[in-house]
Amino acid sequence: MLTFAAGPSKVYDKLPRYMQDAYEAGILSANHRSAVFMNLYQETETLFKEKLHLPDDYKLLFTSSATENWEIITQSVVRSAGFHIFSGSFGKKWFDYAKHIEAGTYAHKIDPDETIDVSSLHIGEEFDLIAITQNETSNATQVRMKTIAEIANKYPEKIIAVDTTSSMGGIEMDFSLADIWYASVQKCFGLPAGLGVLVVSPRAIQKAEAKGEKGRYNSLNFMLENAKQYQTHYTPNVFGIYLLKRVLQDLEEIQHVEERLVKRMRKLEDAIANTSKFRMLIQNIEARSTTVLAVEGREEFISQIKKAAEKEGMQLGGGYGPLKPTSFRIANFPAITDAEMNKLIQFLKQY
Ligand SMILES: *Cc1c(COP(=O)(O)O)cnc(C)c1O
């Protein structure tokens, strides 16, 4: 069954090869204080710079998930409180985790069809961090880099943290615009779940050091101390890190990956626009995601199309949360081949 779910999502076709290679290379038993692991870590970070255009002075860290990153940011970076801007369920969850740690955390909720109106934003002195869910997987919306740039320009003194869980590895990020970016590998990286990545700027590192939070297993300062030597503070998911390295090695430079996804998304959108039973959940083109498409329709049609797709060997992603009965989602992730996407587009044309 080919899955178009937006996470866990289809893994790269080369995965069996990578897995076998990991075993044969002896990496699976490598000690995380050994040169073998330290090299693997360093190579993976270098690939982030080469393929994803991570700036040279940013640091790559490994965590267990995006959810863990939610906690780390408030626990280890935020001094006063975070200002969270979001339109959907993942942004709301991040806000909830942050609020649990810091009661002064603020939620600035926008409509899914709305883009962030930066000129009317008022983020007071009491907030030292701005949290943005760049790709909101639940409702298939996306915050454009130019909007993040406007926010960064307006608030140069604040730290900006960006959730790119379902877009990193698929579209090009201008990492220089913000200090903290993170993702999980089971989305756009086309890998099995169980590994999170967190990238931090020198300014974010300074800020964490100034806060001085330590003592927890995932205190950012503790992680950074180990990362200086390309080590981790606990026995990490070496297998996952190895697979990530292989995916990055085989990935085209990110602007080419993005170009391919943009083209495909246009075709997908056209196919949906031409159906009589379905429409795109997000009408505002400026708010729509490049990597996830949400489609809405009457409940009976949604369950019908899901069943028909399964008969053809394709699994559509379910709608998220309250949107479950009246929508489905399609991941436009790089591990899905153009031929597979074309098959889905042909299928959609019957409606
Ligand atoms: C999937 C997702 C998460 C959570 O990722 P985990 O790996 O399950 O922690 C967070 N944010 C967004 C935008 C997501 O799509």
# chains A, B, ... in the order shown; residues from 1 in each chain; ligands from 1
call {"tool": "residues_near_ligand", "arguments": {"ligand": "ligand 1", "cutoff": "7 Å", "atoms": "only C-alpha atoms and all ligand atoms", "output": "PDB file with N, CA, C and O atoms, in the first residue's frame"}}
result
ATOM      1  N   GLY A   7       2.539  11.746   7.653  1.00  0.00           N
ATOM      2  CA  GLY A   7       3.436  11.373   8.739  1.00  0.00           C
ATOM      3  C   GLY A   7       2.753  10.483   9.758  1.00  0.00           C
ATOM      4  O   GLY A   7       1.714  10.884  10.252  1.00  0.00           O
ATOM      5  N   SER A  65      12.117  13.833  18.949  1.00  0.00           N
ATOM      6  CA  SER A  65      10.923  14.192  18.172  1.00  0.00           C
ATOM      7  C   SER A  65      10.737  15.699  18.155  1.00  0.00           C
ATOM      8  O   SER A  65      11.377  16.429  18.928  1.00  0.00           O
ATOM      9  N   ALA A  66       9.820  16.143  17.325  1.00  0.00           N
ATOM     10  CA  ALA A  66       9.452  17.567  17.328  1.00  0.00           C
ATOM     11  C   ALA A  66       8.799  17.928  18.657  1.00  0.00           C
ATOM     12  O   ALA A  66       9.005  19.017  19.193  1.00  0.00           O
ATOM     13  N   THR A  67       8.041  17.011  19.187  1.00  0.00           N
ATOM     14  CA  THR A  67       7.368  17.256  20.467  1.00  0.00           C
ATOM     15  C   THR A  67       8.392  17.564  21.564  1.00  0.00           C
ATOM     16  O   THR A  67       8.191  18.457  22.385  1.00  0.00           O
ATOM     17  N   GLU A  68       9.488  16.823  21.562  1.00  0.00           N
ATOM     18  CA  GLU A  68      10.524  17.107  22.557  1.00  0.00           C
ATOM     19  C   GLU A  68      11.090  18.515  22.347  1.00  0.00           C
ATOM     20  O   GLU A  68      11.361  19.232  23.302  1.00  0.00           O
ATOM     21  N   PHE A  90      -1.207  21.602  15.461  1.00  0.00           N
ATOM     22  CA  PHE A  90       0.173  21.427  15.925  1.00  0.00           C
ATOM     23  C   PHE A  90       0.680  22.692  16.615  1.00  0.00           C
ATOM     24  O   PHE A  90       1.319  22.618  17.668  1.00  0.00           O
ATOM     25  N   GLY A  91       0.356  23.839  16.035  1.00  0.00           N
ATOM     26  CA  GLY A  91       0.725  25.102  16.667  1.00  0.00           C
ATOM     27  C   GLY A  91       0.093  25.229  18.044  1.00  0.00           C
ATOM     28  O   GLY A  91       0.721  25.709  18.994  1.00  0.00           O
ATOM     29  N   THR A 133       4.608  28.286  13.593  1.00  0.00           N
ATOM     30  CA  THR A 133       4.455  26.975  12.972  1.00  0.00           C
ATOM     31  C   THR A 133       4.458  27.218  11.472  1.00  0.00           C
ATOM     32  O   THR A 133       3.461  27.659  10.902  1.00  0.00           O
ATOM     33  N   ASN A 135       4.892  25.225   8.818  1.00  0.00           N
ATOM     34  CA  ASN A 135       4.051  24.354   7.989  1.00  0.00           C
ATOM     35  C   ASN A 135       3.081  23.631   8.922  1.00  0.00           C
ATOM     36  O   ASN A 135       3.495  22.742   9.667  1.00  0.00           O
ATOM     37  N   GLU A 136       1.842  24.083   8.923  1.00  0.00           N
ATOM     38  CA  GLU A 136       0.852  23.517   9.837  1.00  0.00           C
ATOM     39  C   GLU A 136       0.219  22.295   9.151  1.00  0.00           C
ATOM     40  O   GLU A 136      -0.648  22.423   8.285  1.00  0.00           O
ATOM     41  N   THR A 137       0.706  21.141   9.546  1.00  0.00           N
ATOM     42  CA  THR A 137       0.333  19.886   8.899  1.00  0.00           C
ATOM     43  C   THR A 137      -1.159  19.578   9.035  1.00  0.00           C
ATOM     44  O   THR A 137      -1.739  18.926   8.169  1.00  0.00           O
ATOM     45  N   ASP A 163       8.680  25.891  13.715  1.00  0.00           N
ATOM     46  CA  ASP A 163       8.340  24.480  13.542  1.00  0.00           C
ATOM     47  C   ASP A 163       8.231  24.182  12.045  1.00  0.00           C
ATOM     48  O   ASP A 163       7.337  24.677  11.365  1.00  0.00           O
ATOM     49  N   THR A 164       9.190  23.395  11.545  1.00  0.00           N
ATOM     50  CA  THR A 164       9.174  23.017  10.130  1.00  0.00           C
ATOM     51  C   THR A 164       9.126  21.492  10.017  1.00  0.00           C
ATOM     52  O   THR A 164       9.746  20.903   9.129  1.00  0.00           O
ATOM     53  N   THR A 165       8.394  20.884  10.928  1.00  0.00           N
ATOM     54  CA  THR A 165       8.387  19.420  11.026  1.00  0.00           C
ATOM     55  C   THR A 165       7.996  18.761   9.707  1.00  0.00           C
ATOM     56  O   THR A 165       8.549  17.726   9.358  1.00  0.00           O
ATOM     57  N   SER A 166       7.048  19.348   8.993  1.00  0.00           N
ATOM     58  CA  SER A 166       6.597  18.696   7.761  1.00  0.00           C
ATOM     59  C   SER A 166       7.000  19.480   6.518  1.00  0.00           C
ATOM     60  O   SER A 166       6.366  19.357   5.469  1.00  0.00           O
ATOM     61  N   SER A 184      10.963  16.587  12.434  1.00  0.00           N
ATOM     62  CA  SER A 184      11.034  15.150  12.721  1.00  0.00           C
ATOM     63  C   SER A 184      11.303  14.448  11.400  1.00  0.00           C
ATOM     64  O   SER A 184      10.885  14.935  10.356  1.00  0.00           O
ATOM     65  N   ALA A 193       9.970   6.992  11.947  1.00  0.00           N
ATOM     66  CA  ALA A 193       9.913   7.913  13.086  1.00  0.00           C
ATOM     67  C   ALA A 193      10.926   7.535  14.157  1.00  0.00           C
ATOM     68  O   ALA A 193      11.454   6.426  14.169  1.00  0.00           O
ATOM     69  N   GLY A 196      14.350  13.361  16.059  1.00  0.00           N
ATOM     70  CA  GLY A 196      14.035  14.764  15.814  1.00  0.00           C
ATOM     71  C   GLY A 196      15.322  15.518  15.549  1.00  0.00           C
ATOM     72  O   GLY A 196      16.398  15.103  15.995  1.00  0.00           O
TER      73      GLY A 196
END
call {"tool": "closest_atom_pairs", "arguments": {"of": "stretch 216-253 of chain A", "to": "stretch 200-205 of chain A", "cutoff": "10 Å", "atoms": "only C-alpha atoms", "output": "tab-separated table"}}
result
residue	atom	partner	partner_atom	distance
A:Leu220	CA	A:Ile205	CA	8.5
A:Asn221	CA	A:Ile205	CA	8.0
A:Leu224	CA	A:Ile205	CA	7.9
call {"tool": "closest_residue", "arguments": {"among": "A:Lys349, A:Lys154, A:Arg79, A:Lys245", "to": "A:Glu209", "atoms": "only C-alpha atoms"}}
result
A:Arg79
call {"tool": "select_by_dssp", "arguments": {"residues": "stretch 22-158 of chain A", "states": "alpha helix (DSSP H)", "output": "PyMOL selection string"}}
result
chain A and resi 22-24+35-52+66-76+89-101+145-154
call {"tool": "select_by_dssp", "arguments": {"residues": "stretch 110-307 of chain A", "states": "strand (DSSP E or B)", "output": "PyMOL selection string"}}
result
chain A and resi 129-133+135-136+141-142+159-163+168+171+180-184+196-200+278-280+288+292-297
